[in-house]
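Dropping coords_3.cif in here (mmCIF, C-alpha atoms):
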data_start
loop_
_atom_site.label_atom_id
_atom_site.label_comp_id
_atom_site.auth_asym_id
_atom_site.auth_seq_id
_atom_site.Cartn_x
_atom_site.Cartn_y
_atom_site.Cartn_z
CA MET Q 1 67.49 119.90 63.46
CA VAL Q 2 67.77 116.99 61.01
CA SER Q 3 68.98 113.78 62.63
CA PRO Q 4 71.84 111.69 61.16
CA ARG Q 5 69.31 108.89 60.59
CA SER Q 6 67.08 111.28 58.50
CA LEU Q 7 70.05 112.52 56.51
CA PHE Q 8 71.15 109.02 55.66
CA GLY Q 9 67.60 108.09 54.67
CA ALA Q 10 67.28 111.18 52.48
CA CYS Q 11 70.64 110.48 50.92
CA GLY Q 12 69.61 106.91 50.04
CA THR Q 13 66.40 108.18 48.39
CA LEU Q 14 68.35 110.74 46.37
CA ALA Q 15 70.84 108.13 45.25
CA LEU Q 16 68.07 105.86 43.96
CA ALA Q 17 66.33 108.73 42.18
CA LEU Q 18 69.46 109.94 40.41
CA GLY Q 19 71.02 106.52 39.83
CA LEU Q 20 74.12 107.43 41.78
CA ALA Q 21 76.46 104.71 43.02
CA ALA Q 22 76.83 106.31 46.42
CA CYS Q 23 75.83 109.38 48.37
CA ILE Q 24 77.63 110.09 51.60
CA PRO Q 25 76.70 113.17 53.63
CA ASP Q 26 79.56 115.17 55.06
CA LEU Q 27 78.92 114.25 58.70
CA ASP Q 28 81.41 113.54 61.46
CA ILE Q 29 79.66 111.62 64.23
CA SER Q 30 82.69 109.73 65.54
CA GLY Q 31 82.82 110.06 69.29
CA LYS Q 32 79.22 111.28 69.56
CA PRO Q 33 77.00 109.79 72.28
CA CYS Q 34 74.96 106.71 71.41
CA PRO Q 35 72.57 105.90 69.70
CA CYS Q 36 74.50 105.82 66.42
CA ALA Q 37 73.73 106.20 62.73
CA PRO Q 38 74.26 103.36 60.20
CA GLY Q 39 77.94 102.70 59.57
CA PHE Q 40 78.78 103.32 63.25
CA TYR Q 41 78.37 101.23 66.39
CA CYS Q 42 78.28 102.03 70.10
CA ASP Q 43 81.47 101.41 72.11
CA LEU Q 44 82.09 102.81 75.60
CA ASP Q 45 78.87 104.83 75.15
CA ARG Q 46 80.37 106.61 72.11
CA CYS Q 47 79.88 106.12 68.34
CA VAL Q 48 82.80 104.67 66.39
CA PRO Q 49 82.91 103.86 62.65
CA GLY Q 50 82.68 100.26 61.43
CA GLU Q 51 80.73 97.14 62.27
CA ALA Q 52 79.99 96.13 65.84
CA PRO Q 53 81.83 93.10 67.30
CA PRO Q 54 79.80 89.86 67.17
CA ASP Q 55 78.79 90.01 70.85
CA ALA Q 56 77.90 93.71 70.96
CA GLY Q 57 74.40 94.27 72.24
CA GLN Q 58 73.95 90.67 73.47
CA ASP Q 59 72.91 90.07 77.04
CA ALA Q 60 70.59 87.95 79.12
CA GLY Q 61 67.78 90.48 78.79
CA PRO Q 62 66.80 93.98 77.75
CA ALA Q 63 68.49 97.04 79.13
CA VAL Q 64 67.04 98.19 82.43
CA HIS Q 65 67.32 101.66 83.91
CA ASP Q 66 67.32 102.40 87.62
CA SER Q 67 63.55 102.79 87.42
CA GLY Q 68 63.33 99.05 86.72
CA THR Q 69 61.48 99.47 83.41
CA GLU Q 70 62.68 98.14 80.07
CA THR Q 71 64.35 100.63 77.78
CA GLU Q 72 61.94 101.72 75.04
CA ASP Q 73 64.41 101.23 72.21
CA ALA Q 74 66.02 98.01 73.51
CA GLY Q 75 66.78 95.74 70.59
CA ARG Q 76 67.00 98.53 67.97
CA PRO Q 77 70.23 98.32 65.91
CA ASP Q 78 71.46 101.72 67.16
CA ALA Q 79 70.34 101.40 70.80
CA GLY Q 80 73.84 100.40 71.97
CA PRO Q 81 74.70 97.44 74.21
CA PRO Q 82 72.41 96.59 77.14
CA GLU Q 83 73.01 98.14 80.53
CA GLY Q 84 75.56 96.24 82.60
CA ARG Q 85 74.52 93.80 85.30
CA ILE Q 86 76.52 95.68 87.95
CA ARG Q 87 74.67 98.88 88.86
CA VAL Q 88 76.06 101.53 91.19
CA ARG Q 89 73.84 104.05 92.96
CA ASP Q 90 74.00 106.98 95.35
CA LEU Q 91 77.46 108.23 94.37
CA ARG Q 92 78.42 111.00 96.80
CA ALA Q 93 81.40 112.94 98.13
CA ASP Q 94 82.05 112.16 101.80
CA TRP Q 95 84.73 114.80 102.33
CA GLN Q 96 87.14 117.11 100.56
CA THR Q 97 90.51 118.81 101.14
CA PRO Q 98 92.24 121.35 98.86
CA ASN Q 99 93.61 118.59 96.61
CA SER Q 100 91.58 115.45 97.34
CA ILE Q 101 88.02 114.06 97.45
CA HIS Q 102 86.69 110.88 99.01
CA TRP Q 103 83.77 109.25 97.15
CA SER Q 104 81.32 106.54 98.26
CA TRP Q 105 78.51 104.62 96.58
CA SER Q 106 76.20 101.65 97.02
CA THR Q 107 75.45 98.53 95.00
CA GLU Q 108 72.11 97.64 96.52
CA GLY Q 109 70.96 94.20 95.45
CA MET Q 110 74.31 93.38 93.81
CA GLU Q 111 75.73 91.22 96.64
CA ASP Q 112 75.68 87.96 94.65
CA LEU Q 113 77.07 89.32 91.37
CA GLU Q 114 80.81 89.11 92.07
CA ASP Q 115 81.30 86.69 89.15
CA ASP Q 116 79.75 89.29 86.82
CA PHE Q 117 82.01 92.15 87.98
CA ASP Q 118 84.92 93.39 85.87
CA THR Q 119 85.93 96.91 86.94
CA LEU Q 120 84.86 100.45 87.86
CA VAL Q 121 85.83 103.76 86.25
CA LEU Q 122 85.27 107.13 87.91
CA VAL Q 123 84.99 110.13 85.58
CA ILE Q 124 85.54 113.60 87.09
CA ALA Q 125 85.22 116.99 85.38
CA GLU Q 126 84.79 120.66 86.24
CA SER Q 127 81.47 120.91 84.40
CA GLU Q 128 78.58 118.57 83.70
CA GLU Q 129 79.07 119.17 79.97
CA ASP Q 130 82.71 117.99 80.11
CA LEU Q 131 81.63 115.04 82.22
CA ALA Q 132 78.96 113.94 79.76
CA SER Q 133 81.26 114.22 76.74
CA GLU Q 134 84.43 113.14 78.60
CA THR Q 135 86.30 116.02 77.02
CA GLY Q 136 87.93 119.23 78.22
CA THR Q 137 88.51 119.02 81.97
CA ALA Q 138 87.28 115.41 82.20
CA ARG Q 139 89.59 112.86 83.80
CA ARG Q 140 89.09 109.07 83.87
CA ILE Q 141 90.28 107.31 87.03
CA ASP Q 142 90.53 103.54 86.64
CA GLU Q 143 92.19 100.61 88.41
CA GLU Q 144 95.62 101.59 87.10
CA GLU Q 145 95.43 104.79 89.14
CA ARG Q 146 93.29 103.44 91.99
CA PRO Q 147 93.75 99.62 92.15
CA SER Q 148 90.72 99.09 94.40
CA LEU Q 149 88.45 100.05 91.48
CA GLY Q 150 89.33 96.70 89.91
CA LEU Q 151 88.32 94.72 93.00
CA TRP Q 152 84.95 93.47 94.26
CA THR Q 153 86.40 92.91 97.74
CA ARG Q 154 89.72 93.53 99.51
CA LEU Q 155 91.26 91.57 102.38
CA ARG Q 156 90.95 93.25 105.75
CA THR Q 157 93.72 93.07 108.31
CA CYS Q 158 93.05 89.87 110.22
CA GLY Q 159 89.45 89.72 109.05
CA ASP Q 160 86.96 89.04 106.30
CA ASN Q 161 87.02 90.57 102.86
CA ASP Q 162 85.65 94.12 102.68
CA ARG Q 163 83.41 95.30 99.84
CA VAL Q 164 84.92 98.10 97.76
CA LEU Q 165 82.38 100.93 98.06
CA SER Q 166 84.63 104.00 98.17
CA VAL Q 167 87.64 105.57 96.50
CA TYR Q 168 90.03 108.43 97.25
CA THR Q 169 90.99 110.77 94.40
CA ASP Q 170 93.76 113.36 94.50
CA ARG Q 171 95.65 115.93 92.41
CA HIS Q 172 92.67 118.25 92.35
CA THR Q 173 92.69 122.07 92.39
CA PRO Q 174 91.78 123.95 95.60
CA ASP Q 175 88.41 125.70 95.87
CA THR Q 176 87.10 124.11 92.66
CA ARG Q 177 83.71 122.60 91.81
CA TYR Q 178 83.79 119.05 90.40
CA PHE Q 179 81.21 116.63 89.02
CA ALA Q 180 81.72 112.86 89.04
CA GLN Q 181 80.03 109.75 87.68
CA LEU Q 182 80.92 106.13 88.34
CA ILE Q 183 80.81 103.59 85.50
CA ALA Q 184 80.44 99.89 86.38
CA ILE Q 185 81.62 97.41 83.74
CA ASP Q 186 80.61 93.76 83.82
CA ARG Q 187 82.38 90.70 82.37
CA ARG Q 188 80.62 91.13 79.02
CA GLY Q 189 81.89 94.68 78.70
CA HIS Q 190 78.45 96.20 79.26
CA ARG Q 191 78.21 99.35 81.33
CA SER Q 192 75.91 101.10 83.74
CA ARG Q 193 76.31 104.58 85.17
CA SER Q 194 75.62 106.11 88.57
CA ASN Q 195 74.06 109.45 89.31
CA VAL Q 196 76.18 112.59 88.80
CA ALA Q 197 77.63 113.75 92.13
CA PRO Q 198 79.03 117.25 92.83
CA ALA Q 199 81.88 118.18 95.18
CA THR Q 200 83.89 121.34 95.88
CA THR Q 201 87.45 121.16 97.17
CA THR Q 202 88.33 123.37 100.13
CA PRO Q 203 90.46 126.54 99.82
CA ALA Q 204 94.25 126.46 100.00
CA PRO Q 205 95.47 126.42 103.63
CA ILE Q 206 96.62 129.51 105.53
CA GLY Q 207 97.95 127.83 108.71
CA GLU Q 208 100.04 124.77 109.56
CA VAL Q 209 101.83 122.76 112.23
CA VAL Q 210 104.76 120.76 110.82
CA LEU Q 211 105.35 117.37 112.46
CA PHE Q 212 108.23 116.33 110.21
CA SER Q 213 110.04 118.05 107.37
CA ASP Q 214 113.80 117.66 107.51
CA ALA Q 215 115.18 117.12 111.03
CA ARG Q 216 114.62 114.02 113.12
CA PRO Q 217 111.46 114.54 115.21
CA ARG Q 218 111.33 114.24 118.96
CA GLY Q 219 110.30 110.77 120.12
CA TYR Q 220 111.05 107.45 118.45
CA PRO Q 221 110.02 105.36 115.41
CA LEU Q 222 108.33 101.98 115.20
CA PRO Q 223 109.59 99.72 113.73
CA GLY Q 224 112.99 100.72 115.02
CA GLU Q 225 114.51 100.26 111.56
CA ILE Q 226 113.01 103.55 110.36
CA VAL Q 227 115.89 105.92 109.63
CA LEU Q 228 116.46 109.50 108.53
CA SER Q 229 117.69 109.38 104.91
CA SER Q 230 118.69 111.86 102.21
CA GLU Q 231 118.32 109.30 99.41
CA ALA Q 232 115.15 110.63 97.76
CA PRO Q 233 113.28 113.35 99.68
CA TYR Q 234 109.95 114.75 98.57
CA ARG Q 235 111.20 118.24 99.38
CA THR Q 236 114.25 119.80 101.13
CA THR Q 237 116.97 117.35 102.26
CA ASN Q 238 115.80 114.40 104.36
CA HIS Q 239 112.95 111.91 104.59
CA LEU Q 240 112.03 108.92 106.72
CA LEU Q 241 112.87 105.52 105.20
CA TYR Q 242 111.70 102.06 106.22
CA GLU Q 243 113.00 98.91 104.47
CA HIS Q 244 110.90 95.82 105.16
CA ALA Q 245 113.16 92.78 105.51
CA SER Q 246 110.73 89.85 105.73
CA CYS Q 247 107.33 88.66 106.93
CA PRO Q 248 106.77 86.22 109.80
CA PRO Q 249 105.04 82.88 109.04
CA PRO Q 250 101.30 83.42 108.43
CA SER Q 251 98.93 82.77 111.29
CA PRO Q 252 95.57 80.98 110.79
CA GLU Q 253 94.01 83.52 113.16
CA CYS Q 254 95.21 86.45 111.04
CA PRO Q 255 95.12 85.72 107.27
CA GLN Q 256 97.46 87.74 105.05
CA PRO Q 257 97.91 87.87 101.26
CA PRO Q 258 100.57 85.33 100.17
CA GLY Q 259 104.02 86.88 100.62
CA PHE Q 260 102.69 89.98 102.38
CA CYS Q 261 102.22 91.10 105.96
CA TYR Q 262 100.78 94.23 107.54
CA GLU Q 263 103.07 96.87 109.04
CA ASN Q 264 102.44 100.30 110.53
CA ILE Q 265 105.21 102.86 109.95
CA ARG Q 266 104.83 105.32 112.82
CA TRP Q 267 106.53 107.95 114.93
CA GLN Q 268 105.53 108.10 118.60
CA ASP Q 269 105.98 110.15 121.77
CA MET Q 270 106.50 113.47 119.97
CA ARG Q 271 104.83 115.52 122.75
CA ALA Q 272 104.18 118.35 120.24
CA GLY Q 273 101.57 120.19 122.33
CA ALA Q 274 97.99 121.09 121.51
CA LEU Q 275 96.97 122.02 117.99
CA PRO Q 276 96.68 125.86 117.82
CA ILE Q 277 93.48 126.14 115.81
CA SER Q 278 90.02 127.46 116.67
CA GLY Q 279 86.79 125.53 116.52
CA GLY Q 280 85.86 127.46 113.39
CA SER Q 281 89.02 126.27 111.59
CA PHE Q 282 88.66 122.64 112.62
CA GLY Q 283 86.36 121.77 109.70
CA LEU Q 284 89.10 122.81 107.24
CA ALA Q 285 92.01 121.15 109.09
CA TYR Q 286 93.62 118.10 107.51
CA LEU Q 287 96.58 115.77 107.96
CA GLU Q 288 99.01 115.79 105.03
CA MET Q 289 101.99 113.58 104.30
CA ALA Q 290 104.00 112.59 101.25
CA VAL Q 291 104.36 108.81 100.91
CA ALA Q 292 106.26 106.67 98.40
CA PHE Q 293 105.22 103.01 98.71
CA GLU Q 294 107.70 100.75 96.89
CA ALA Q 295 106.01 97.46 97.67
CA GLY Q 296 105.59 95.62 94.37
CA GLU Q 297 101.84 96.23 94.37
CA ALA Q 298 99.38 98.60 95.96
CA SER Q 299 98.03 98.02 99.45
CA THR Q 300 94.26 98.24 99.08
CA TRP Q 301 93.77 98.01 102.84
CA SER Q 302 95.91 100.72 104.41
CA ASN Q 303 95.54 103.37 107.08
CA ILE Q 304 96.81 106.87 107.77
CA GLY Q 305 96.40 108.75 111.02
CA LEU Q 306 97.52 110.70 114.07
CA HIS Q 307 98.51 109.86 117.64
CA LEU Q 308 97.05 112.01 120.42
CA ARG Q 309 97.88 112.00 124.12
CA GLU Q 310 95.79 113.00 127.11
CA GLY Q 311 97.94 112.70 130.24
CA THR Q 312 99.18 109.11 130.21
CA SER Q 313 96.49 107.99 127.75
CA PHE Q 314 97.73 107.30 124.20
CA GLU Q 315 95.19 107.29 121.34
CA VAL Q 316 95.33 106.35 117.64
CA TRP Q 317 92.94 108.24 115.31
CA LYS Q 318 93.01 106.98 111.72
CA ILE Q 319 91.12 106.40 108.50
CA GLU Q 320 90.84 102.98 106.84
CA PRO Q 321 90.51 101.34 104.44
CA PHE Q 322 92.81 103.49 102.39
CA VAL Q 323 94.77 102.69 99.22
CA LEU Q 324 98.51 103.28 98.92
CA ARG Q 325 99.67 103.33 95.30
CA ALA Q 326 102.75 101.25 94.58
CA GLY Q 327 105.68 103.07 92.97
CA THR Q 328 108.82 105.08 93.50
CA THR Q 329 107.14 108.50 93.25
CA TYR Q 330 105.55 110.29 96.18
CA ASP Q 331 101.80 110.73 96.64
CA LEU Q 332 100.71 113.76 98.65
CA ILE Q 333 97.98 112.34 100.89
CA GLN Q 334 95.46 114.64 102.58
CA VAL Q 335 92.80 113.52 105.06
CA PRO Q 336 90.50 115.85 107.06
CA LEU Q 337 90.89 115.58 110.82
CA HIS Q 338 87.13 115.08 111.17
CA ALA Q 339 87.40 111.95 108.96
CA LEU Q 340 89.72 110.23 111.48
CA THR Q 341 88.05 107.73 113.78
CA ARG Q 342 88.76 105.70 116.91
CA SER Q 343 86.46 102.88 118.02
CA ASP Q 344 83.77 104.12 115.59
CA MET Q 345 83.96 107.62 117.10
CA SER Q 346 84.85 110.55 114.83
CA LEU Q 347 87.52 113.04 115.87
CA GLU Q 348 85.98 116.34 116.99
CA PHE Q 349 87.41 119.69 118.00
CA GLU Q 350 86.69 118.95 121.67
CA HIS Q 351 89.11 116.02 121.52
CA LEU Q 352 91.93 118.25 120.27
CA SER Q 353 91.31 120.93 122.90
CA THR Q 354 92.22 118.50 125.69
CA ARG Q 355 94.96 116.48 123.94
CA GLU Q 356 98.42 117.08 122.50
CA LEU Q 357 99.83 115.86 119.20
CA ASP Q 358 101.96 112.80 119.84
CA GLY Q 359 102.79 111.22 116.48
CA PHE Q 360 101.65 109.98 113.08
CA ARG Q 361 101.38 106.73 111.15
CA VAL Q 362 100.78 105.10 107.79
CA GLY Q 363 100.25 101.37 107.41
CA GLY Q 364 99.73 98.80 104.70
CA PHE Q 365 100.53 95.32 103.37
CA LEU Q 366 104.25 94.95 102.61
CA SER Q 367 106.26 92.25 100.87
CA ALA Q 368 109.86 91.34 101.68
CA GLY Q 369 112.19 94.02 100.34
CA ALA Q 370 109.53 96.73 100.26
CA ARG Q 371 110.61 100.31 100.93
CA VAL Q 372 108.41 103.06 102.34
CA ARG Q 373 109.45 106.74 102.33
CA VAL Q 374 107.54 109.34 104.36
CA ASP Q 375 108.15 113.08 104.14
CA GLU Q 376 106.59 116.50 104.84
CA VAL Q 377 104.12 115.52 107.55
CA ALA Q 378 101.94 118.43 108.70
CA ILE Q 379 98.50 119.51 109.83
CA ARG Q 380 97.17 122.36 107.71
CA TRP Q 381 94.00 124.47 107.76
#
For the file at hand, write its structure as structure tokens.
Amino acid sequence: MVSPRSLFGACGTLALALGLAACIPDLDISGKPCPCAPGFYCDLDRCVPGEAPPDAGQDAGPAVHDSGTETEDAGRPDAGPPEGRIRVRDLRADWQTPNSIHWSWSTEGMEDLEDDFDTLVLVIAESEEDLASETGTARRIDEEERPSLGLWTRLRTCGDNDRVLSVYTDRHTPDTRYFAQLIAIDRRGHRSRSNVAPATTTPAPIGEVVLFSDARPRGYPLPGEIVLSSEAPYRTTNHLLYEHASCPPPSPECPQPPGFCYENIRWQDMRAGALPISGGSFGLAYLEMAVAFEAGEASTWSNIGLHLREGTSFEVWKIEPFVLRAGTTYDLIQVPLHALTRSDMSLEFEHLSTRELDGFRVGGFLSAGARVRVDEVAIRW
């Protein structure tokens, strides 16, 4: 196969020999992976026509791959910009449900590079070919969809900032193989890429226990202002609505974002009995709820979970940190039961066999006037 570089060189030789003013081969390399032919430059790892911006390809040093060796063609006009200073490694899928995947990664040795960080982009596709070309089934997930991807750290509830090393993605197809790659972008616009990580969503559920759908559940809500409303349900007629009036004065012992405070929207004392699933089905079981979080901005430290009861003992099993998108539309959140934790202990089937379902919760940072709607809460498997 003749390379674009060879064709352009041959064309130039022919033009000189024949005295032609110009000779342009009929090639379309726009959007092709870098490196690029003359007349094109590398942008977002793809070739685009024109001249490169003045700062393209400038950096403190040569491009470095994960192996730690200098790139062989660093400094060549068509080598593309250097690799970004922020480098992500060990991308992996922690867990899956029929419609969601939870991804984690590491940034070993990057602890002191916060000032160099700009954003992260996760690319997901149903084939490695679509992933590499970012075409077909490929989908780019950035900070507009998952706000935590634009953060180096997020404020914990009453604690220090937490490094962003995971992200939850949704709206996937059940029983489908996916491939993902994380792109880290630094302040100069230079990029580095993680490994390619596979994940397969679980099959569509065949069993369920509904905790809330339309009628007011047994038990009581906290805060007490949670009401049954027909204003904007996710499905059927009613949903649960909480309107957050105001935040108390901030406490030095428990820092909060300015104008925000943390609230758990929960339903307690349901006494719904034991979960009727077998040990073999436990690995596929997940908590699902539809949540609309009208809070002005996303809560990048949130939680979602279940309440269990053993006799007079009340337990909260949850996953955090979690990100609640801000907006008026519902998100269908799915979390495997085995991903819920309590005091650093993961929920196991043996816990369910001796406990009854007693409630559910979703929490996050809220501003005055925020509205949270919760609907269609169920455990499915």
| request: Rank Q:Pro276, Q:Gly259, Q:Gly327, Q:Gly311 by their smallest atom-to-atom distance to Ala292 of chain Q, using only C-alpha atoms, and report the top residue only. | output: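 The answer is Q:Gly327, which sits nearest to Ala292 of chain Q.
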Assuming the chain letters and numbering stay as they are in my file, what does the PyMOL selection byres ((chain Q and resi 90-100) around 9) actually select? List them as a JSON list (two decimals) with C-alpha atoms, keeping the file's coordinate frame.
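Result went into selection-v2.json, see below:
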[["chain", "number", "residue", "atom", "x", "y", "z"],
["Q", 88, "VAL", "CA", 76.06, 101.53, 91.19],
["Q", 89, "ARG", "CA", 73.84, 104.05, 92.96],
["Q", 101, "ILE", "CA", 88.02, 114.06, 97.45],
["Q", 102, "HIS", "CA", 86.69, 110.88, 99.01],
["Q", 103, "TRP", "CA", 83.77, 109.25, 97.15],
["Q", 104, "SER", "CA", 81.32, 106.54, 98.26],
["Q", 105, "TRP", "CA", 78.51, 104.62, 96.58],
["Q", 106, "SER", "CA", 76.20, 101.65, 97.02],
["Q", 107, "THR", "CA", 75.45, 98.53, 95.00],
["Q", 168, "TYR", "CA", 90.03, 108.43, 97.25],
["Q", 169, "THR", "CA", 90.99, 110.77, 94.40],
["Q", 170, "ASP", "CA", 93.76, 113.36, 94.50],
["Q", 171, "ARG", "CA", 95.65, 115.93, 92.41],
["Q", 172, "HIS", "CA", 92.67, 118.25, 92.35],
["Q", 173, "THR", "CA", 92.69, 122.07, 92.39],
["Q", 174, "PRO", "CA", 91.78, 123.95, 95.60],
["Q", 175, "ASP", "CA", 88.41, 125.70, 95.87],
["Q", 176, "THR", "CA", 87.10, 124.11, 92.66],
["Q", 180, "ALA", "CA", 81.72, 112.86, 89.04],
["Q", 181, "GLN", "CA", 80.03, 109.75, 87.68],
["Q", 182, "LEU", "CA", 80.92, 106.13, 88.34],
["Q", 194, "SER", "CA", 75.62, 106.11, 88.57],
["Q", 195, "ASN", "CA", 74.06, 109.45, 89.31],
["Q", 196, "VAL", "CA", 76.18, 112.59, 88.80],
["Q", 197, "ALA", "CA", 77.63, 113.75, 92.13],
["Q", 198, "PRO", "CA", 79.03, 117.25, 92.83],
["Q", 199, "ALA", "CA", 81.88, 118.18, 95.18],
["Q", 200, "THR", "CA", 83.89, 121.34, 95.88],
["Q", 201, "THR", "CA", 87.45, 121.16, 97.17],
["Q", 202, "THR", "CA", 88.33, 123.37, 100.13],
["Q", 203, "PRO", "CA", 90.46, 126.54, 99.82],
["Q", 204, "ALA", "CA", 94.25, 126.46, 100.00],
["Q", 205, "PRO", "CA", 95.47, 126.42, 103.63],
["Q", 284, "LEU", "CA", 89.10, 122.81, 107.24],
["Q", 285, "ALA", "CA", 92.01, 121.15, 109.09],
["Q", 286, "TYR", "CA", 93.62, 118.10, 107.51],
["Q", 332, "LEU", "CA", 100.71, 113.76, 98.65],
["Q", 333, "ILE", "CA", 97.98, 112.34, 100.89],
["Q", 334, "GLN", "CA", 95.46, 114.64, 102.58],
["Q", 335, "VAL", "CA", 92.80, 113.52, 105.06],
["Q", 336, "PRO", "CA", 90.50, 115.85, 107.06],
["Q", 339, "ALA", "CA", 87.40, 111.95, 108.96]]
| request: Please identify all polymer residues within 8 Å of segment 295-306 of chain Q, counting all atoms listed in the file, omitting same-chain residues fewer than 3 positions from it, and present them as a PyMOL selection string. | output: chain Q and resi 147-148+154-157+287+316-327+340+357-367+369-372
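Considering the residues Q:Leu120, Q:His307, Q:Glu376, Q:His239 and counting all atoms listed in the file, Arg342 of chain Q has its shortest atom-to-atom contact with Q:His307.
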| Expressed in Å to a single decimal, how great is the separation between atom CA of Ala290 of chain Q and atom CA of Gly159 of chain Q? | 28.2 Å
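In this comparison, which uses only C-alpha atoms, the residue of Q:Met289, Q:Leu122, Q:Leu275, Q:Leu347 approaching Gly207 of chain Q most closely is Q:Leu275.
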Reconstruct N, CA and C atoms of segment 122-138 of chain Q; output as a CSV table (one decimal), in the coordinates of the input.
chain,number,residue,atom,x,y,z
Q,122,LEU,N,85.8,105.9,87.4
Q,122,LEU,CA,85.3,107.1,87.9
Q,122,LEU,C,85.7,108.3,87.0
Q,123,VAL,N,84.7,109.0,86.5
Q,123,VAL,CA,85.0,110.1,85.6
Q,123,VAL,C,84.7,111.4,86.4
Q,124,ILE,N,85.7,112.3,86.4
Q,124,ILE,CA,85.5,113.6,87.1
Q,124,ILE,C,85.8,114.7,86.1
Q,125,ALA,N,85.0,115.8,86.2
Q,125,ALA,CA,85.2,117.0,85.4
Q,125,ALA,C,84.8,118.2,86.1
Q,126,GLU,N,85.1,119.4,85.6
Q,126,GLU,CA,84.8,120.7,86.2
Q,126,GLU,C,83.5,121.2,85.7
Q,127,SER,N,82.8,120.5,84.8
Q,127,SER,CA,81.5,120.9,84.4
Q,127,SER,C,80.7,119.7,84.0
Q,128,GLU,N,79.4,119.7,84.1
Q,128,GLU,CA,78.6,118.6,83.7
Q,128,GLU,C,78.7,118.3,82.2
Q,129,GLU,N,78.9,119.4,81.4
Q,129,GLU,CA,79.1,119.2,80.0
Q,129,GLU,C,80.3,118.4,79.7
Q,130,ASP,N,81.5,118.7,80.3
Q,130,ASP,CA,82.7,118.0,80.1
Q,130,ASP,C,82.6,116.6,80.6
Q,131,LEU,N,81.8,116.4,81.7
Q,131,LEU,CA,81.6,115.0,82.2
Q,131,LEU,C,80.9,114.2,81.2
Q,132,ALA,N,79.8,114.7,80.7
Q,132,ALA,CA,79.0,113.9,79.8
Q,132,ALA,C,79.7,113.6,78.5
Q,133,SER,N,80.5,114.5,78.0
Q,133,SER,CA,81.3,114.2,76.7
Q,133,SER,C,82.6,113.6,77.0
Q,134,GLU,N,83.1,113.6,78.2
Q,134,GLU,CA,84.4,113.1,78.6
Q,134,GLU,C,85.5,113.9,77.8
Q,135,THR,N,85.3,115.2,77.7
Q,135,THR,CA,86.3,116.0,77.0
Q,135,THR,C,86.7,117.2,77.9
Q,136,GLY,N,87.6,118.0,77.5
Q,136,GLY,CA,87.9,119.2,78.2
Q,136,GLY,C,88.6,118.9,79.5
Q,137,THR,N,87.9,119.2,80.6
Q,137,THR,CA,88.5,119.0,82.0
Q,137,THR,C,88.3,117.6,82.5
Q,138,ALA,N,87.6,116.8,81.7
Q,138,ALA,CA,87.3,115.4,82.2
Q,138,ALA,C,88.5,114.6,82.4
